[in-house]
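Structure record follows, encoded as structure tokens.
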Amino acid sequence: YLLAIYDLSFDADTGRDCATLIPKRTLAEMLHFLTGDDEEEVELRIDESQIEFRTRFYTVKSRLLAGQFPNIERVIELVGQNEQVVSVSRNPLIETLKRTEIVARDDAHRFKWQITGTELCLSAQALDLGESADILEICGPSTPDDISLWFRADQMLEALQAFDSETVSFLYQSPQRPLLMFPPEGAYFEILMPVVAPEDGGSA
């Protein structure tokens, strides 16, 4: 459902290409050892079965995962065929999603992401809690095509909270295509796959 891509450059040529699968838990543990200093250096050592992170004070070793990573190039190719772009203020969107998630969590976290004119409407339904709907104004002069898509509110929230920009842009084409999320400036973007709409929810 969710794919995040971030490009980092090395100070020198490593002399070889390398692709590895690192456990999520290992990266989470590394966060505890990093100081947050932009000048802090982390040395990576990788062989066929394990990876080693070295900082000034700590060394973390982990076994690598076996298996095949999703075909990122193919996913990016699909997203690149999208045509519509909208931008909204990031903090209001996060607060709106938090309210929407309260209702959406009783329906597999599903919520409706609907573009109408220059407005973005986020809505969710639950048998016990009723309905929730909020409207946000779209930034920018362009008016995109009207469309309705369904996503998981918890996944979109997690992605948005990793951004640090005042606005966030969305690139999309149809309810079946991935949604690309990215800040106006930065080396990273996230791809969110739509989920199946409820039978009575419909989609544009």
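Labeling convention for the structure tokens: chains A, B, ... as they appear, residues from 1 per chain, ligands from 1 in order of appearance.
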
Need to verify the contact set: Val85 in chain A, 8 Å, only C-alpha atoms, exclusion of same-chain residues closer than 3 positions in sequence. Can you return it as a PyMOL selection string? chain A and resi 144+169-172

Prev. selection, all heavy atoms, output as a short mmCIF file (atom, residue, chain, number, x, y, z; two decimals), in the first residue's frame:
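Full text of again.cif as output:
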data_model
loop_
_atom_site.label_atom_id
_atom_site.label_comp_id
_atom_site.auth_asym_id
_atom_site.auth_seq_id
_atom_site.Cartn_x
_atom_site.Cartn_y
_atom_site.Cartn_z
N PRO A 144 -8.12 21.16 -10.96
CA PRO A 144 -7.97 19.79 -11.45
C PRO A 144 -9.32 19.16 -11.78
O PRO A 144 -10.38 19.69 -11.44
CB PRO A 144 -7.30 19.08 -10.27
CG PRO A 144 -7.81 19.82 -9.07
CD PRO A 144 -7.92 21.26 -9.50
N SER A 169 2.02 18.27 -2.09
CA SER A 169 1.37 18.12 -3.39
C SER A 169 1.03 16.66 -3.64
O SER A 169 1.71 15.74 -3.16
CB SER A 169 2.30 18.63 -4.50
OG SER A 169 2.55 20.02 -4.35
N PHE A 170 -0.04 16.45 -4.41
CA PHE A 170 -0.50 15.11 -4.76
C PHE A 170 -0.62 15.02 -6.28
O PHE A 170 -1.17 15.91 -6.92
CB PHE A 170 -1.87 14.82 -4.14
CG PHE A 170 -1.88 14.86 -2.64
CD1 PHE A 170 -2.11 16.06 -1.98
CD2 PHE A 170 -1.65 13.72 -1.90
CE1 PHE A 170 -2.13 16.11 -0.60
CE2 PHE A 170 -1.66 13.76 -0.52
CZ PHE A 170 -1.89 14.96 0.13
N LEU A 171 -0.09 13.97 -6.83
CA LEU A 171 -0.15 13.73 -8.27
C LEU A 171 -0.96 12.45 -8.49
O LEU A 171 -0.65 11.42 -7.92
CB LEU A 171 1.26 13.61 -8.84
CG LEU A 171 1.43 13.68 -10.35
CD1 LEU A 171 2.80 14.24 -10.70
CD2 LEU A 171 1.26 12.30 -10.99
N TYR A 172 -2.01 12.53 -9.33
CA TYR A 172 -2.91 11.40 -9.49
C TYR A 172 -3.49 11.39 -10.89
O TYR A 172 -3.38 12.34 -11.66
CB TYR A 172 -4.04 11.46 -8.46
CG TYR A 172 -4.95 12.65 -8.67
CD1 TYR A 172 -6.09 12.56 -9.46
CD2 TYR A 172 -4.66 13.88 -8.09
CE1 TYR A 172 -6.91 13.65 -9.68
CE2 TYR A 172 -5.48 14.98 -8.30
CZ TYR A 172 -6.60 14.86 -9.09
OH TYR A 172 -7.39 15.95 -9.30
#

Per-residue DSSP, range 23-124 of chain A, filtered to helix (DSSP H, G or I), as an NGL selection string: :A and (24-33 or 72-80 or 90-107)

Keeping N, CA, C and O atoms for every residue in the selection just given, could you write it to a file as a tab-separated table (two decimals), in the first residue's frame?
chain	number	residue	atom	x	y	z
A	24	LYS	N	13.06	-3.44	9.03
A	24	LYS	CA	12.52	-2.18	9.54
A	24	LYS	C	12.96	-1.95	10.99
A	24	LYS	O	13.26	-0.83	11.39
A	25	ARG	N	13.01	-3.02	11.77
A	25	ARG	CA	13.39	-2.88	13.18
A	25	ARG	C	14.82	-2.36	13.33
A	25	ARG	O	15.12	-1.59	14.24
A	26	THR	N	15.68	-2.76	12.42
A	26	THR	CA	17.07	-2.28	12.47
A	26	THR	C	17.13	-0.77	12.28
A	26	THR	O	17.84	-0.06	13.00
A	27	LEU	N	16.41	-0.27	11.30
A	27	LEU	CA	16.40	1.18	11.05
A	27	LEU	C	15.77	1.93	12.22
A	27	LEU	O	16.21	3.03	12.57
A	28	ALA	N	14.74	1.34	12.83
A	28	ALA	CA	14.11	1.97	13.99
A	28	ALA	C	15.09	2.06	15.15
A	28	ALA	O	15.15	3.06	15.87
A	29	GLU	N	15.89	1.01	15.34
A	29	GLU	CA	16.89	1.02	16.41
A	29	GLU	C	17.96	2.07	16.16
A	29	GLU	O	18.45	2.71	17.09
A	30	MET	N	18.32	2.28	14.89
A	30	MET	CA	19.34	3.28	14.57
A	30	MET	C	18.92	4.68	14.98
A	30	MET	O	19.76	5.52	15.34
A	31	LEU	N	17.62	4.95	14.98
A	31	LEU	CA	17.13	6.27	15.37
A	31	LEU	C	17.50	6.60	16.81
A	31	LEU	O	17.68	7.76	17.18
A	32	HIS	N	17.61	5.57	17.65
A	32	HIS	CA	17.95	5.79	19.06
A	32	HIS	C	19.42	6.19	19.23
A	32	HIS	O	19.78	6.81	20.24
A	33	PHE	N	20.26	5.85	18.26
A	33	PHE	CA	21.69	6.10	18.40
A	33	PHE	C	22.17	7.34	17.66
A	33	PHE	O	23.28	7.81	17.89
A	72	ILE	N	10.40	-1.13	-7.99
A	72	ILE	CA	10.20	0.30	-7.79
A	72	ILE	C	10.09	1.03	-9.13
A	72	ILE	O	9.24	1.91	-9.29
A	73	GLU	N	10.93	0.66	-10.08
A	73	GLU	CA	10.91	1.34	-11.37
A	73	GLU	C	9.55	1.24	-12.05
A	73	GLU	O	9.07	2.19	-12.64
A	74	ARG	N	8.92	0.07	-11.94
A	74	ARG	CA	7.61	-0.12	-12.55
A	74	ARG	C	6.55	0.74	-11.85
A	74	ARG	O	5.69	1.34	-12.51
A	75	VAL	N	6.62	0.81	-10.53
A	75	VAL	CA	5.66	1.62	-9.78
A	75	VAL	C	5.82	3.10	-10.14
A	75	VAL	O	4.85	3.82	-10.37
A	76	ILE	N	7.07	3.56	-10.20
A	76	ILE	CA	7.33	4.96	-10.54
A	76	ILE	C	6.86	5.24	-11.96
A	76	ILE	O	6.32	6.32	-12.25
A	77	GLU	N	7.02	4.28	-12.85
A	77	GLU	CA	6.57	4.45	-14.23
A	77	GLU	C	5.06	4.66	-14.28
A	77	GLU	O	4.56	5.51	-15.02
A	78	LEU	N	4.32	3.90	-13.48
A	78	LEU	CA	2.87	4.04	-13.44
A	78	LEU	C	2.48	5.41	-12.90
A	78	LEU	O	1.59	6.07	-13.43
A	79	VAL	N	3.17	5.84	-11.84
A	79	VAL	CA	2.86	7.14	-11.25
A	79	VAL	C	3.20	8.24	-12.23
A	79	VAL	O	2.50	9.25	-12.33
A	80	GLY	N	4.27	8.08	-12.97
A	80	GLY	CA	4.70	9.10	-13.91
A	80	GLY	C	3.70	9.35	-15.02
A	80	GLY	O	3.75	10.39	-15.70
A	90	ARG	N	-0.22	21.58	4.57
A	90	ARG	CA	0.07	20.30	5.22
A	90	ARG	C	-0.55	20.18	6.62
A	90	ARG	O	-1.20	19.18	6.93
A	91	ASN	N	-0.35	21.16	7.50
A	91	ASN	CA	-0.84	21.05	8.87
A	91	ASN	C	-2.36	20.94	8.95
A	91	ASN	O	-2.88	20.08	9.68
A	92	PRO	N	-3.13	21.78	8.24
A	92	PRO	CA	-4.58	21.59	8.25
A	92	PRO	C	-5.01	20.22	7.73
A	92	PRO	O	-5.97	19.64	8.22
A	93	LEU	N	-4.28	19.70	6.73
A	93	LEU	CA	-4.59	18.38	6.21
A	93	LEU	C	-4.36	17.31	7.27
A	93	LEU	O	-5.17	16.38	7.42
A	94	ILE	N	-3.27	17.42	8.01
A	94	ILE	CA	-2.99	16.45	9.07
A	94	ILE	C	-4.07	16.47	10.14
A	94	ILE	O	-4.57	15.43	10.58
A	95	GLU	N	-4.47	17.68	10.58
A	95	GLU	CA	-5.51	17.79	11.60
A	95	GLU	C	-6.84	17.23	11.09
A	95	GLU	O	-7.57	16.58	11.84
A	96	THR	N	-7.14	17.49	9.83
A	96	THR	CA	-8.37	16.95	9.25
A	96	THR	C	-8.34	15.43	9.19
A	96	THR	O	-9.32	14.75	9.50
A	97	LEU	N	-7.20	14.88	8.80
A	97	LEU	CA	-7.06	13.42	8.73
A	97	LEU	C	-7.18	12.78	10.10
A	97	LEU	O	-7.72	11.68	10.24
A	98	LYS	N	-6.67	13.44	11.14
A	98	LYS	CA	-6.80	12.89	12.50
A	98	LYS	C	-8.26	12.77	12.89
A	98	LYS	O	-8.67	11.78	13.51
A	99	ARG	N	-9.06	13.79	12.55
A	99	ARG	CA	-10.49	13.71	12.87
A	99	ARG	C	-11.17	12.64	12.02
A	99	ARG	O	-12.02	11.89	12.52
A	100	THR	N	-10.78	12.56	10.75
A	100	THR	CA	-11.37	11.56	9.86
A	100	THR	C	-11.03	10.15	10.31
A	100	THR	O	-11.85	9.23	10.23
A	101	GLU	N	-9.81	9.97	10.83
A	101	GLU	CA	-9.35	8.64	11.26
A	101	GLU	C	-10.18	8.10	12.41
A	101	GLU	O	-10.36	6.88	12.54
A	102	ILE	N	-10.72	8.97	13.25
A	102	ILE	CA	-11.55	8.51	14.38
A	102	ILE	C	-12.74	7.70	13.87
A	102	ILE	O	-13.11	6.69	14.46
A	103	VAL	N	-13.33	8.14	12.77
A	103	VAL	CA	-14.45	7.41	12.17
A	103	VAL	C	-13.95	6.30	11.27
A	103	VAL	O	-14.46	5.18	11.27
A	104	ALA	N	-12.90	6.58	10.49
A	104	ALA	CA	-12.42	5.63	9.49
A	104	ALA	C	-11.87	4.34	10.10
A	104	ALA	O	-11.93	3.29	9.46
A	105	ARG	N	-11.37	4.40	11.33
A	105	ARG	CA	-10.74	3.21	11.91
A	105	ARG	C	-11.74	2.07	12.11
A	105	ARG	O	-11.35	0.90	12.18
A	106	ASP	N	-13.04	2.38	12.17
A	106	ASP	CA	-14.05	1.34	12.29
A	106	ASP	C	-14.44	0.76	10.94
A	106	ASP	O	-15.30	-0.12	10.86
A	107	ASP	N	-13.85	1.27	9.86
A	107	ASP	CA	-14.10	0.75	8.52
A	107	ASP	C	-12.77	0.47	7.83
A	107	ASP	O	-12.51	0.96	6.73

Phe189 in chain A environment, 8 Å, only C-alpha atoms, sequence neighbours closer than 3 positions dropped, as JSON, numbers by chain: {"A": [4, 5, 6, 180, 181, 182, 183]}

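Nearest residue to Phe57 in chain A, choosing from A:Ala197, A:Cys121, A:Glu40, A:Glu190 and counting only C-alpha atoms: A:Glu40.
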
For Asp47 in chain A, find every residue with an atom within 12 Å (counting only C-alpha atoms), except residues of its own chain fewer than 6 positions away, and show them as a list in words.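 The residues satisfying every condition are Cys18, Ala19, Thr20, Leu21, Lys61, Ser62, Arg63 and Leu64 of chain A.
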
Could you save the residues just selected, with N, CA and C atoms, as an mmCIF file, in the first residue's frame?
data_model
loop_
_atom_site.group_PDB
_atom_site.id
_atom_site.type_symbol
_atom_site.label_atom_id
_atom_site.label_comp_id
_atom_site.auth_asym_id
_atom_site.auth_seq_id
_atom_site.Cartn_x
_atom_site.Cartn_y
_atom_site.Cartn_z
ATOM 1 N N CYS A 18 25.294 -1.812 -5.094
ATOM 2 C CA CYS A 18 24.843 -2.691 -4.016
ATOM 3 C C CYS A 18 23.360 -2.448 -3.756
ATOM 4 N N ALA A 19 22.600 -3.518 -3.568
ATOM 5 C CA ALA A 19 21.179 -3.425 -3.232
ATOM 6 C C ALA A 19 20.885 -4.429 -2.124
ATOM 7 N N THR A 20 20.335 -3.966 -1.012
ATOM 8 C CA THR A 20 20.082 -4.848 0.124
ATOM 9 C C THR A 20 18.697 -4.579 0.708
ATOM 10 N N LEU A 21 18.170 -5.560 1.410
ATOM 11 C CA LEU A 21 16.911 -5.424 2.140
ATOM 12 C C LEU A 21 17.231 -5.394 3.634
ATOM 13 N N LYS A 61 24.818 -3.968 14.242
ATOM 14 C CA LYS A 61 24.896 -4.984 13.197
ATOM 15 C C LYS A 61 23.540 -5.653 13.047
ATOM 16 N N SER A 62 23.224 -6.046 11.813
ATOM 17 C CA SER A 62 21.948 -6.705 11.556
ATOM 18 C C SER A 62 22.075 -7.635 10.364
ATOM 19 N N ARG A 63 21.338 -8.724 10.415
ATOM 20 C CA ARG A 63 21.264 -9.604 9.253
ATOM 21 C C ARG A 63 20.372 -8.958 8.210
ATOM 22 N N LEU A 64 20.653 -9.218 6.952
ATOM 23 C CA LEU A 64 19.840 -8.704 5.846
ATOM 24 C C LEU A 64 18.683 -9.654 5.560
#

Which polymer residues have any atom within 12 Å of an atom of range 113-116 of chain A, counting only C-alpha atoms, with same-chain residues fewer than 3 positions away left out, as a PyMOL selection string? chain A and resi 84-88+93+96-97+100+110+119-124+133-138+143-153+156+170+172-175+179+194-195+197+201-204
